>>> print(open('start-v2.tsv').read())   # TSV, C-alpha atoms and all ligand atoms
chain	number	residue	atom	x	y	z
A	20	MET	CA	-11.61	15.31	-16.95
A	21	GLU	CA	-9.86	18.68	-16.81
A	22	ARG	CA	-6.19	18.95	-17.68
A	23	SER	CA	-3.72	18.44	-14.82
A	24	GLN	CA	-1.72	21.43	-13.53
A	25	LEU	CA	1.16	19.11	-12.61
A	26	SER	CA	4.16	18.66	-14.88
A	27	ALA	CA	7.06	16.22	-15.01
A	28	THR	CA	10.72	17.09	-15.65
A	29	VAL	CA	11.21	13.63	-17.21
A	30	ASP	CA	10.04	12.48	-20.64
A	31	PHE	CA	8.10	9.26	-20.06
A	32	GLU	CA	8.58	8.22	-23.72
A	33	LYS	CA	12.37	8.56	-23.76
A	34	PRO	CA	14.52	5.39	-23.56
A	35	GLY	CA	17.29	5.11	-20.95
A	36	LYS	CA	17.28	6.23	-17.32
A	37	GLN	CA	16.09	9.63	-16.11
A	38	HIS	CA	15.85	11.02	-12.59
A	39	GLY	CA	13.51	13.96	-12.19
A	40	HIS	CA	10.48	15.35	-10.44
A	41	ILE	CA	6.75	15.75	-10.76
A	42	ARG	CA	5.97	19.36	-9.90
A	43	VAL	CA	2.85	20.17	-7.89
A	44	PRO	CA	2.14	23.92	-7.81
A	45	TYR	CA	1.08	25.35	-4.45
A	46	SER	CA	1.32	28.59	-2.52
A	47	TYR	CA	2.33	29.45	0.99
A	48	ASP	CA	3.25	32.71	2.76
A	49	LEU	CA	6.95	32.57	1.91
A	50	GLY	CA	6.53	30.92	-1.50
A	51	GLY	CA	3.76	32.31	-3.68
A	52	TRP	CA	4.98	30.38	-6.71
A	53	ALA	CA	6.22	27.26	-4.92
A	54	ASN	CA	6.15	23.68	-6.18
A	55	LEU	CA	6.14	20.42	-4.31
A	56	LEU	CA	8.68	18.13	-5.97
A	57	LEU	CA	7.82	14.43	-6.10
A	58	PRO	CA	10.93	12.40	-7.02
A	59	VAL	CA	10.41	10.17	-10.08
A	60	THR	CA	12.72	7.89	-12.04
A	61	VAL	CA	11.84	6.44	-15.45
A	62	LEU	CA	13.67	3.52	-17.07
A	63	GLY	CA	12.71	2.64	-20.64
A	64	ASN	CA	14.14	-0.05	-22.87
A	65	GLY	CA	12.29	-1.18	-25.99
A	66	LYS	CA	8.69	-2.23	-26.43
A	67	GLY	CA	7.00	-3.95	-23.54
A	68	ARG	CA	4.71	-3.39	-20.61
A	69	THR	CA	4.91	-0.47	-18.17
A	70	ALA	CA	5.03	-0.93	-14.39
A	71	LEU	CA	4.18	2.07	-12.23
A	72	VAL	CA	5.70	1.41	-8.80
A	73	MET	CA	4.74	3.68	-5.90
A	74	ALA	CA	5.06	4.06	-2.13
A	75	GLY	CA	4.63	6.83	0.43
A	76	ASN	CA	0.91	7.07	-0.37
A	77	HIS	CA	0.88	7.32	3.43
A	78	GLY	CA	3.95	9.06	4.85
A	79	ASP	CA	4.35	6.82	7.90
A	80	GLU	CA	4.94	3.65	5.84
A	81	TYR	CA	8.64	3.11	5.17
A	82	PRO	CA	9.63	-0.26	3.60
A	83	GLY	CA	8.22	0.66	0.17
A	84	GLN	CA	9.89	4.07	0.17
A	85	VAL	CA	13.23	2.38	0.90
A	86	ALA	CA	12.70	-0.38	-1.69
A	87	ILE	CA	11.91	2.15	-4.44
A	88	LEU	CA	14.79	4.48	-3.49
A	89	ARG	CA	17.11	1.49	-3.83
A	90	LEU	CA	15.67	0.54	-7.24
A	91	MET	CA	16.01	4.16	-8.41
A	92	ARG	CA	19.76	4.01	-7.80
A	93	GLU	CA	20.49	0.38	-8.66
A	94	LEU	CA	18.34	-0.37	-11.70
A	95	GLN	CA	19.89	0.09	-15.15
A	96	PRO	CA	17.97	0.35	-18.43
A	97	GLU	CA	19.49	-2.84	-19.85
A	98	GLN	CA	17.85	-4.79	-17.00
A	99	VAL	CA	14.42	-3.49	-18.07
A	100	HIS	CA	12.18	-4.77	-20.83
A	101	GLY	CA	9.52	-2.12	-21.48
A	102	ARG	CA	9.30	0.62	-18.89
A	103	VAL	CA	9.40	1.18	-15.12
A	104	ILE	CA	8.19	4.40	-13.48
A	105	LEU	CA	9.36	4.69	-9.85
A	106	ILE	CA	7.82	7.11	-7.32
A	107	PRO	CA	9.04	6.54	-3.74
A	108	ALA	CA	6.88	9.20	-2.03
A	109	LEU	CA	3.48	10.02	-3.51
A	110	ASN	CA	2.68	12.30	-0.60
A	111	VAL	CA	5.99	14.10	0.01
A	112	PRO	CA	4.79	16.40	2.84
A	113	ALA	CA	3.40	13.34	4.69
A	114	SER	CA	6.67	11.42	4.16
A	115	ARG	CA	8.70	14.33	5.51
A	116	ALA	CA	6.47	14.57	8.58
A	117	GLY	CA	5.97	10.80	9.04
A	118	THR	CA	2.20	11.23	8.99
A	119	ARG	CA	-0.64	9.40	7.26
A	120	PRO	CA	-2.43	12.43	5.73
A	121	SER	CA	-0.61	15.41	4.26
A	122	PRO	CA	0.16	18.11	6.85
A	123	LEU	CA	-0.27	20.61	4.00
A	124	ASP	CA	-3.99	20.11	3.44
A	125	GLY	CA	-4.98	17.40	5.94
A	126	LYS	CA	-5.91	15.01	3.10
A	127	ASN	CA	-5.41	11.25	3.02
A	128	LEU	CA	-4.24	10.63	-0.59
A	129	ASN	CA	-5.79	7.16	-0.50
A	130	ARG	CA	-9.26	8.71	-0.09
A	131	CYS	CA	-8.84	11.37	-2.81
A	132	PHE	CA	-9.28	9.39	-6.05
A	133	PRO	CA	-10.11	10.11	-8.83
A	134	GLY	CA	-8.85	13.52	-7.63
A	135	LYS	CA	-9.45	17.12	-8.67
A	136	ALA	CA	-7.56	19.15	-11.30
A	137	ASP	CA	-8.02	22.35	-9.25
A	138	GLY	CA	-8.11	20.78	-5.78
A	139	THR	CA	-5.67	20.83	-2.86
A	140	PRO	CA	-2.10	19.54	-3.51
A	141	THR	CA	-3.06	15.99	-2.44
A	142	GLU	CA	-6.20	16.02	-4.62
A	143	MET	CA	-4.16	17.29	-7.58
A	144	VAL	CA	-1.65	14.43	-7.17
A	145	ALA	CA	-4.53	11.92	-7.22
A	146	HIS	CA	-5.91	13.58	-10.36
A	147	TYR	CA	-2.47	13.43	-12.06
A	148	LEU	CA	-2.19	9.72	-11.32
A	149	THR	CA	-5.73	9.12	-12.61
A	150	THR	CA	-5.37	11.12	-15.83
A	151	VAL	CA	-1.65	10.95	-16.70
A	152	LEU	CA	0.17	8.04	-15.06
A	153	PHE	CA	-2.42	5.23	-14.77
A	154	PRO	CA	-3.32	5.46	-18.48
A	155	GLN	CA	0.39	4.85	-19.34
A	156	ALA	CA	0.70	1.81	-17.05
A	157	ASP	CA	-0.15	-1.87	-17.41
A	158	ILE	CA	0.85	-2.88	-13.90
A	159	VAL	CA	0.24	-0.61	-10.89
A	160	ILE	CA	2.06	-1.44	-7.63
A	161	ASP	CA	1.28	0.54	-4.46
A	162	ILE	CA	3.34	-0.53	-1.43
A	163	HIS	CA	1.73	0.07	1.96
A	164	THR	CA	2.16	-1.01	5.57
A	165	GLY	CA	-0.29	-0.62	8.44
A	166	GLY	CA	1.40	2.73	9.20
A	167	ARG	CA	1.67	3.68	12.82
A	168	SER	CA	-1.89	2.53	13.56
A	169	LEU	CA	-1.82	-1.19	12.62
A	170	ASP	CA	0.82	-3.93	12.73
A	171	PHE	CA	0.21	-6.42	9.90
A	172	TYR	CA	1.67	-9.83	9.38
A	173	PRO	CA	3.62	-8.71	6.26
A	174	CYS	CA	1.62	-9.76	3.19
A	175	ALA	CA	0.83	-8.92	-0.42
A	176	THR	CA	-2.78	-7.82	-0.81
A	177	MET	CA	-5.46	-7.34	-3.47
A	178	HIS	CA	-9.07	-6.42	-4.02
A	179	LEU	CA	-11.33	-9.04	-5.53
A	180	VAL	CA	-12.05	-7.59	-8.98
A	181	PRO	CA	-14.63	-9.22	-11.31
A	182	PRO	CA	-13.63	-12.58	-12.82
A	183	GLY	CA	-11.56	-12.45	-15.99
A	184	GLU	CA	-8.07	-11.74	-17.26
A	185	GLN	CA	-7.47	-8.77	-14.92
A	186	ARG	CA	-8.27	-10.87	-11.84
A	187	ARG	CA	-6.19	-13.82	-13.10
A	188	GLN	CA	-3.11	-11.65	-13.58
A	189	MET	CA	-3.64	-9.89	-10.23
A	190	LEU	CA	-3.83	-13.26	-8.42
A	191	GLU	CA	-0.61	-14.43	-10.09
A	192	GLY	CA	1.18	-11.13	-9.46
A	193	THR	CA	0.14	-11.06	-5.80
A	194	LEU	CA	1.50	-14.61	-5.34
A	195	ALA	CA	4.78	-13.59	-7.02
A	196	TRP	CA	5.50	-11.38	-3.98
A	197	GLY	CA	6.27	-14.61	-2.13
A	198	SER	CA	4.76	-13.59	1.23
A	199	ASP	CA	3.48	-16.25	3.69
A	200	PHE	CA	-0.07	-14.92	3.27
A	201	ALA	CA	-1.80	-13.20	0.37
A	202	PHE	CA	-4.64	-11.09	1.71
A	203	MET	CA	-7.86	-10.27	-0.09
A	204	TYR	CA	-9.35	-7.23	1.61
A	205	THR	CA	-12.37	-4.98	1.54
A	206	ASP	CA	-12.57	-1.23	2.08
A	207	ILE	CA	-13.85	-0.76	5.62
A	208	ALA	CA	-13.02	2.93	5.89
A	209	GLY	CA	-14.33	5.05	3.05
A	210	THR	CA	-13.95	5.37	-0.71
A	211	GLY	CA	-11.61	7.05	-3.17
A	212	LEU	CA	-8.75	4.55	-2.94
A	213	LEU	CA	-5.85	4.50	-5.41
A	214	PRO	CA	-6.22	0.78	-6.29
A	215	VAL	CA	-9.95	1.17	-6.96
A	216	GLU	CA	-9.34	3.85	-9.60
A	217	ALA	CA	-6.47	1.86	-11.19
A	218	GLU	CA	-8.64	-1.28	-11.22
A	219	ARG	CA	-11.49	0.67	-12.81
A	220	GLN	CA	-9.05	1.54	-15.62
A	221	GLY	CA	-8.40	-2.19	-16.08
A	222	LYS	CA	-4.87	-2.20	-14.65
A	223	ILE	CA	-3.21	-5.15	-12.93
A	224	VAL	CA	-3.00	-3.79	-9.39
A	225	ILE	CA	-0.73	-5.28	-6.70
A	226	THR	CA	-0.66	-3.83	-3.17
A	227	THR	CA	0.89	-4.82	0.14
A	228	GLU	CA	0.69	-4.44	3.89
A	229	MET	CA	4.37	-4.87	4.78
A	230	GLY	CA	4.09	-4.87	8.56
A	231	GLY	CA	3.56	-1.56	10.32
A	232	GLY	CA	4.86	0.87	12.90
A	233	GLU	CA	8.07	2.88	13.11
A	234	PRO	CA	10.60	0.03	13.52
A	235	VAL	CA	11.12	-1.96	10.30
A	236	SER	CA	13.02	-5.23	10.67
A	237	ALA	CA	15.65	-6.37	8.17
A	238	GLY	CA	13.33	-9.28	7.33
A	239	VAL	CA	10.51	-6.92	6.31
A	240	HIS	CA	12.91	-4.88	4.16
A	241	ARG	CA	14.09	-8.13	2.51
A	242	LEU	CA	10.52	-9.28	1.83
A	243	THR	CA	9.56	-5.85	0.43
A	244	GLN	CA	12.59	-5.54	-1.84
A	245	GLY	CA	12.73	-9.20	-2.88
A	246	GLY	CA	8.97	-9.38	-3.44
A	247	LEU	CA	8.90	-6.23	-5.56
A	248	ARG	CA	11.76	-7.45	-7.77
A	249	ASN	CA	10.11	-10.85	-8.15
A	250	VAL	CA	6.79	-9.30	-9.20
A	251	LEU	CA	8.59	-7.22	-11.86
A	252	VAL	CA	10.46	-10.33	-13.06
A	253	HIS	CA	7.17	-12.28	-13.08
A	254	PHE	CA	5.60	-9.73	-15.46
A	255	GLY	CA	8.66	-9.86	-17.74
A	256	ILE	CA	9.63	-6.21	-17.07
A	257	LEU	CA	12.81	-6.97	-15.15
A	258	ALA	CA	15.47	-9.42	-16.33
A	259	GLY	CA	16.34	-12.27	-14.02
A	260	GLU	CA	15.24	-15.61	-12.73
A	261	LYS	CA	11.81	-15.73	-11.07
A	262	ARG	CA	12.14	-17.06	-7.53
A	263	THR	CA	9.68	-19.59	-6.21
A	264	ARG	CA	8.91	-19.83	-2.52
A	265	ARG	CA	10.73	-22.34	-0.41
A	266	GLY	CA	8.56	-24.25	2.04
A	267	ALA	CA	4.78	-24.02	2.21
A	268	PRO	CA	2.99	-22.23	-0.62
A	269	THR	CA	1.50	-18.78	0.02
A	270	ARG	CA	-1.80	-19.09	1.87
A	271	TRP	CA	-4.72	-17.03	0.52
A	272	VAL	CA	-6.80	-15.38	3.21
A	273	GLN	CA	-9.61	-12.84	3.10
A	274	ALA	CA	-11.47	-10.54	5.47
A	275	LEU	CA	-14.53	-9.36	3.58
A	276	SER	CA	-17.03	-9.07	6.44
A	277	GLY	CA	-17.23	-6.03	8.70
A	278	ASP	CA	-17.09	-8.48	11.66
A	279	ASP	CA	-13.56	-9.48	10.66
A	280	TYR	CA	-12.37	-6.04	11.82
A	281	ARG	CA	-12.57	-5.55	15.60
A	282	PHE	CA	-12.79	-2.14	17.23
A	283	ALA	CA	-11.93	-0.87	20.73
A	284	PRO	CA	-15.12	-0.74	22.85
A	285	GLU	CA	-13.45	1.70	25.27
A	286	SER	CA	-10.30	3.82	25.52
A	287	GLY	CA	-7.27	2.50	27.43
A	288	ILE	CA	-4.11	0.43	26.99
A	289	TRP	CA	-4.28	-2.40	24.40
A	290	GLU	CA	-2.78	-5.78	25.20
A	291	ALA	CA	-2.55	-8.17	22.22
A	292	MET	CA	-2.97	-11.76	23.46
A	293	VAL	CA	-2.35	-13.66	20.23
A	294	ASP	CA	0.73	-13.67	18.00
A	295	LEU	CA	0.38	-12.28	14.49
A	296	GLY	CA	-0.27	-15.12	12.05
A	297	ALA	CA	-1.72	-17.45	14.74
A	298	GLU	CA	-5.02	-19.33	14.43
A	299	VAL	CA	-7.88	-18.15	16.65
A	300	ALA	CA	-11.21	-19.77	17.54
A	301	ALA	CA	-14.65	-18.13	17.31
A	302	GLY	CA	-15.21	-16.16	20.52
A	303	GLN	CA	-11.54	-16.34	21.54
A	304	THR	CA	-10.21	-13.23	23.26
A	305	VAL	CA	-7.53	-11.80	20.97
A	306	GLY	CA	-6.67	-8.86	23.20
A	307	GLN	CA	-7.91	-6.69	26.02
A	308	ILE	CA	-8.00	-3.06	27.08
A	309	HIS	CA	-6.73	-2.00	30.50
A	310	PHE	CA	-7.85	1.06	32.47
A	311	LEU	CA	-5.12	2.96	34.29
A	312	GLU	CA	-7.66	4.97	36.27
A	313	ARG	CA	-9.65	1.87	37.31
A	314	PRO	CA	-7.23	-0.89	38.39
A	315	ASP	CA	-10.17	-2.59	40.12
A	316	ARG	CA	-11.99	-3.09	36.81
A	317	GLU	CA	-11.61	-6.18	34.65
A	318	PRO	CA	-10.00	-5.32	31.30
A	319	ALA	CA	-12.42	-5.05	28.34
A	320	ALA	CA	-11.97	-8.18	26.21
A	321	VAL	CA	-12.00	-8.07	22.40
A	322	GLN	CA	-13.03	-11.36	20.81
A	323	ALA	CA	-12.79	-12.88	17.34
A	324	ALA	CA	-16.28	-13.02	15.80
A	325	SER	CA	-15.37	-16.21	13.94
A	326	ALA	CA	-12.48	-18.67	13.68
A	327	GLY	CA	-9.59	-17.52	11.53
A	328	LEU	CA	-6.13	-16.11	11.45
A	329	PHE	CA	-4.91	-13.12	13.50
A	330	LEU	CA	-3.55	-10.98	10.65
A	331	ALA	CA	-3.23	-7.49	12.16
A	332	SER	CA	-3.10	-5.95	15.61
A	333	ARG	CA	-3.32	-2.40	16.89
A	334	GLY	CA	0.05	-0.57	16.54
A	335	PRO	CA	0.19	1.97	19.38
A	336	SER	CA	-0.68	0.50	22.76
A	337	ARG	CA	-2.83	3.50	23.68
A	338	VAL	CA	-6.26	3.07	22.12
A	339	VAL	CA	-9.24	5.35	21.80
A	340	GLN	CA	-12.78	3.97	21.64
A	341	GLY	CA	-13.53	3.02	18.01
A	342	ASP	CA	-9.91	2.35	16.95
A	343	CYS	CA	-9.41	-0.83	14.90
A	344	VAL	CA	-7.51	-3.22	17.18
A	345	ALA	CA	-7.58	-6.52	15.28
A	346	CYS	CA	-8.21	-8.07	11.88
A	347	ILE	CA	-9.17	-11.74	11.62
A	348	ALA	CA	-8.79	-13.31	8.17
A	349	HIS	CA	-10.11	-16.60	6.78
A	350	ASP	CA	-8.73	-19.16	4.37
A	351	VAL	CA	-10.00	-18.81	0.83
A	352	ASP	CA	-9.37	-20.63	-2.41
A	353	PRO	CA	-9.32	-18.00	-5.19
A	354	ALA	CA	-10.14	-20.74	-7.73
A	355	VAL	CA	-13.66	-21.13	-6.32
A	356	LEU	CA	-14.44	-17.41	-6.05
A	357	VAL	CA	-16.90	-15.99	-8.57
B	1	ZN	ZN	-1.11	2.88	3.72
>>> encode(input="start-v2.tsv", output="structure tokens", more="lines below")
Ligand SMILES: [Zn+2]
Amino acid sequence: MERSQLSATVDFEKPGKQHGHIRVPYSYDLGGWANLLLPVTVLGNGKGRTALVMAGNHGDEYPGQVAILRLMRELQPEQVHGRVILIPALNVPASRAGTRPSPLDGKNLNRCFPGKADGTPTEMVAHYLTTVLFPQADIVIDIHTGGRSLDFYPCATMHLVPPGEQRRQMLEGTLAWGSDFAFMYTDIAGTGLLPVEAERQGKIVITTEMGGGEPVSAGVHRLTQGGLRNVLVHFGILAGEKRTRRGAPTRWVQALSGDDYRFAPESGIWEAMVDLGAEVAAGQTVGQIHFLERPDREPAAVQAASAGLFLASRGPSRVVQGDCVACIAHDVDPAVLV
């Protein structure tokens, strides 16, 4: 691929701790030679594996941005074995605006991979990750939430990659997050995702859906920060004792069928009728849509296509026809998957 136009003010090979930026050249009316500055911190200490830890792929997803900002300040090189590269906001304009795509070019970074060397700012960031940062990494962590559109039961997530060492290490790393559920998902909305490109390069990829929406509870922050640290300890990159879950082991669930994702049949006001994390029966109404202009009408019911677990619900109560309003996941034993 063509050479990236982005440059970093840190030296990724240098030991110790460096704060700096990744510079993304762009032009606007009052800044012909402007650069977007993506904060980056590198901690290197001896030979070992490299973890690339990222958040703010979508700007309206906050727990990962906070967890990485804390690590950037708190982590010291002597606590690291190998290298950690921390990027709290991959899509800085989206993080500033609290939006999913970048307000600069309208692009959703998580649909831009492998990226373009001479593309829009968001496409150039994807290309830099593909050609410069992923090749340096062994473990790639991308922390998401459902953003403003979906409220997830907070969980670590992964794609089912082909059987082998990569899958084995991804399963173990996902469990190390210590969430109640570990979610195996499929891409229901397009291609060009960050994890897909990192997986194609053979990396161990760990992702999350740490809740969703604007309010973030202290519990979700704790799970995000504690889970991230534990994953880094699990892979031997961070010093410390690996924590094991208290209580029931993490439950693996998956939603690989299009029917597991339910969409609003009409526009109106969404009423969730099941708690996140609860069991639902096949055909059970999980929520309904009310019509302010037609109080005489029965609400439109949305049912689970099959029995499972109510893992995610629509975030904003106002829904437009075609919005995803529910995700139903099913128990799965990763040991029997081929
Ligand atoms: Zn996201």
>>> residues_around(input="start-v2.tsv", residues="Pro107 (chain A)", least_positions_apart="5", cutoff="9 Å", atoms="only C-alpha atoms", output="VMD selection string")
chain A and resid 57 to 59 72 to 76 83 to 88 91
>>> closest_atom_pairs(input="start-v2.tsv", of="chain A", to="ligand ZN 1 (chain B)", cutoff="10 Å", atoms="only C-alpha atoms and all ligand atoms", output="Markdown table")
| residue | atom | partner | partner_atom | distance |
| --- | --- | --- | --- | --- |
| A:Ala74 | CA | B:ZN1 | ZN | 8.6 |
| A:Gly75 | CA | B:ZN1 | ZN | 7.7 |
| A:Asn76 | CA | B:ZN1 | ZN | 6.2 |
| A:His77 | CA | B:ZN1 | ZN | 4.9 |
| A:Gly78 | CA | B:ZN1 | ZN | 8.1 |
| A:Asp79 | CA | B:ZN1 | ZN | 7.9 |
| A:Glu80 | CA | B:ZN1 | ZN | 6.5 |
| A:Tyr81 | CA | B:ZN1 | ZN | 9.9 |
| A:Arg119 | CA | B:ZN1 | ZN | 7.4 |
| A:Pro120 | CA | B:ZN1 | ZN | 9.8 |
| A:Asn127 | CA | B:ZN1 | ZN | 9.4 |
| A:Leu128 | CA | B:ZN1 | ZN | 9.4 |
| A:Asn129 | CA | B:ZN1 | ZN | 7.6 |
| A:Asp161 | CA | B:ZN1 | ZN | 8.8 |
| A:Ile162 | CA | B:ZN1 | ZN | 7.6 |
| A:His163 | CA | B:ZN1 | ZN | 4.4 |
| A:Thr164 | CA | B:ZN1 | ZN | 5.4 |
| A:Gly165 | CA | B:ZN1 | ZN | 5.9 |
| A:Gly166 | CA | B:ZN1 | ZN | 6.0 |
| A:Arg167 | CA | B:ZN1 | ZN | 9.5 |
| A:Ser168 | CA | B:ZN1 | ZN | 9.9 |
| A:Leu169 | CA | B:ZN1 | ZN | 9.8 |
| A:Thr226 | CA | B:ZN1 | ZN | 9.6 |
| A:Thr227 | CA | B:ZN1 | ZN | 8.7 |
| A:Glu228 | CA | B:ZN1 | ZN | 7.5 |
| A:Met229 | CA | B:ZN1 | ZN | 9.6 |
| A:Gly231 | CA | B:ZN1 | ZN | 9.2 |
>>> atom_distance(input="start-v2.tsv", atom1="CA of Pro214 (chain A)", atom2="CA of Asp199 (chain A)")
22.0 Å
>>> residues_around(input="start-v2.tsv", residues="region 343-355 of chain A", least_positions_apart="2", cutoff="9 Å", atoms="all atoms listed in the file", output="VMD selection string")
chain A and resid 168 to 169 171 190 202 to 204 270 to 275 278 to 283 289 291 299 305 to 306 321 323 to 334 338 340 to 341 357
>>> residues_near_point(input="start-v2.tsv", point="(-1.7, -8.5, -10.0)", cutoff="6 Å", atoms="only C-alpha atoms", output="ChimeraX atom specification")
/A:188-190,192-193,223-225
>>> atom_distance(input="start-v2.tsv", atom1="CA of Gly117 (chain A)", atom2="CA of Arg92 (chain A)")
22.8 Å
>>> atom_distance(input="start-v2.tsv", atom1="CA of Pro335 (chain A)", atom2="CA of Ile106 (chain A)")
28.2 Å
>>> closest_residue(input="start-v2.tsv", among="A:Thr304, A:Thr205, A:Thr150, A:Gln98", to="Gly65 (chain A)", atoms="only C-alpha atoms")
A:Gln98
>>> residues_around(input="start-v2.tsv", residues="Leu94 (chain A)", least_positions_apart="2", cutoff="12 Å", atoms="only C-alpha atoms", output="PyMOL selection string")
chain A and resi 35-38+60-64+86-92+96-100+102-105+248+251+256-258
>>> write_last_selection(input="start-v2.tsv", atoms="C-alpha atoms", output="compact mmCIF listing (two decimals), keeping the file's coordinate frame")
# COMPACT_ATOMS: atom_id res chain seq x y z
CA GLY A 35 17.29 5.11 -20.95
CA LYS A 36 17.28 6.23 -17.32
CA GLN A 37 16.09 9.63 -16.11
CA HIS A 38 15.85 11.02 -12.59
CA THR A 60 12.72 7.89 -12.04
CA VAL A 61 11.84 6.44 -15.45
CA LEU A 62 13.67 3.52 -17.07
CA GLY A 63 12.71 2.64 -20.64
CA ASN A 64 14.14 -0.05 -22.87
CA ALA A 86 12.70 -0.38 -1.69
CA ILE A 87 11.91 2.15 -4.44
CA LEU A 88 14.79 4.48 -3.49
CA ARG A 89 17.11 1.49 -3.83
CA LEU A 90 15.67 0.54 -7.24
CA MET A 91 16.01 4.16 -8.41
CA ARG A 92 19.76 4.01 -7.80
CA PRO A 96 17.97 0.35 -18.43
CA GLU A 97 19.49 -2.84 -19.85
CA GLN A 98 17.85 -4.79 -17.00
CA VAL A 99 14.42 -3.49 -18.07
CA HIS A 100 12.18 -4.77 -20.83
CA ARG A 102 9.30 0.62 -18.89
CA VAL A 103 9.40 1.18 -15.12
CA ILE A 104 8.19 4.40 -13.48
CA LEU A 105 9.36 4.69 -9.85
CA ARG A 248 11.76 -7.45 -7.77
CA LEU A 251 8.59 -7.22 -11.86
CA ILE A 256 9.63 -6.21 -17.07
CA LEU A 257 12.81 -6.97 -15.15
CA ALA A 258 15.47 -9.42 -16.33
>>> closest_residue(input="start-v2.tsv", among="A:Glu218, A:Glu191, A:Asp124, A:Glu93", to="Ala156 (chain A)", atoms="only C-alpha atoms")
A:Glu218
>>> closest_residue(input="start-v2.tsv", among="A:Gly197, A:Pro173, A:Gly211, A:Pro140", to="Leu247 (chain A)", atoms="all atoms listed in the file")
A:Gly197
>>> axis_aligned_box(input="start-v2.tsv", around="region 272-291 of chain A", padding_each_side="3 Å", output="JSON")
{"center_x": -9.9, "center_y": -5.8, "center_z": 15.3, "size_x": 20.7, "size_y": 25.2, "size_z": 30.3}
>>> residues_around(input="start-v2.tsv", residues="Pro182 (chain A)", least_positions_apart="3", cutoff="9 Å", atoms="all atoms listed in the file", output="JSON, numbers by chain")
{"A": [179, 185, 186, 187, 356, 357]}
>>> closest_residue(input="start-v2.tsv", among="A:Asp30, A:Ala70, A:Leu56, A:Gly287", to="Arg313 (chain A)", atoms="only C-alpha atoms")
A:Gly287
>>> closest_residue(input="start-v2.tsv", among="A:Thr28, A:Thr176, A:Thr118, A:Thr139", to="Pro44 (chain A)", atoms="all atoms listed in the file")
A:Thr139
>>> residues_around(input="start-v2.tsv", residues="Pro112 (chain A)", least_positions_apart="3", cutoff="8 Å", atoms="all atoms listed in the file", output="NGL selection string")
:A and (78 or 115-116 or 121-123)
>>> build_atoms(input="start-v2.tsv", residues="region 96-106 of chain A", atoms="N, CA, C and O atoms", output="short mmCIF file (atom, residue, chain, number, x, y, z; two decimals), in the coordinates of the input")
data_model
loop_
_atom_site.label_atom_id
_atom_site.label_comp_id
_atom_site.auth_asym_id
_atom_site.auth_seq_id
_atom_site.Cartn_x
_atom_site.Cartn_y
_atom_site.Cartn_z
N PRO A 96 18.93 0.58 -17.34
CA PRO A 96 17.97 0.35 -18.43
C PRO A 96 18.10 -1.02 -19.08
O PRO A 96 17.09 -1.62 -19.47
N GLU A 97 19.33 -1.54 -19.17
CA GLU A 97 19.49 -2.84 -19.85
C GLU A 97 18.86 -3.99 -19.06
O GLU A 97 18.64 -5.07 -19.60
N GLN A 98 18.53 -3.75 -17.78
CA GLN A 98 17.85 -4.79 -17.00
C GLN A 98 16.34 -4.76 -17.21
O GLN A 98 15.62 -5.62 -16.71
N VAL A 99 15.87 -3.71 -17.92
CA VAL A 99 14.42 -3.49 -18.07
C VAL A 99 13.98 -3.89 -19.46
O VAL A 99 14.68 -3.67 -20.45
N HIS A 100 12.80 -4.50 -19.54
CA HIS A 100 12.18 -4.77 -20.83
C HIS A 100 10.83 -4.05 -20.80
O HIS A 100 9.94 -4.43 -20.03
N GLY A 101 10.71 -2.97 -21.58
CA GLY A 101 9.52 -2.12 -21.48
C GLY A 101 9.85 -0.88 -20.67
O GLY A 101 10.86 -0.22 -20.95
N ARG A 102 9.07 -0.63 -19.64
CA ARG A 102 9.30 0.62 -18.89
C ARG A 102 8.93 0.45 -17.42
O ARG A 102 7.97 -0.25 -17.09
N VAL A 103 9.70 1.12 -16.56
CA VAL A 103 9.40 1.18 -15.12
C VAL A 103 9.36 2.64 -14.71
O VAL A 103 10.29 3.40 -15.01
N ILE A 104 8.29 3.04 -14.05
CA ILE A 104 8.19 4.40 -13.48
C ILE A 104 8.18 4.24 -11.96
O ILE A 104 7.34 3.53 -11.41
N LEU A 105 9.17 4.87 -11.30
CA LEU A 105 9.36 4.69 -9.85
C LEU A 105 9.06 5.99 -9.11
O LEU A 105 9.68 7.03 -9.39
N ILE A 106 8.14 5.93 -8.15
CA ILE A 106 7.82 7.11 -7.32
C ILE A 106 7.85 6.67 -5.85
O ILE A 106 6.95 5.98 -5.39
#
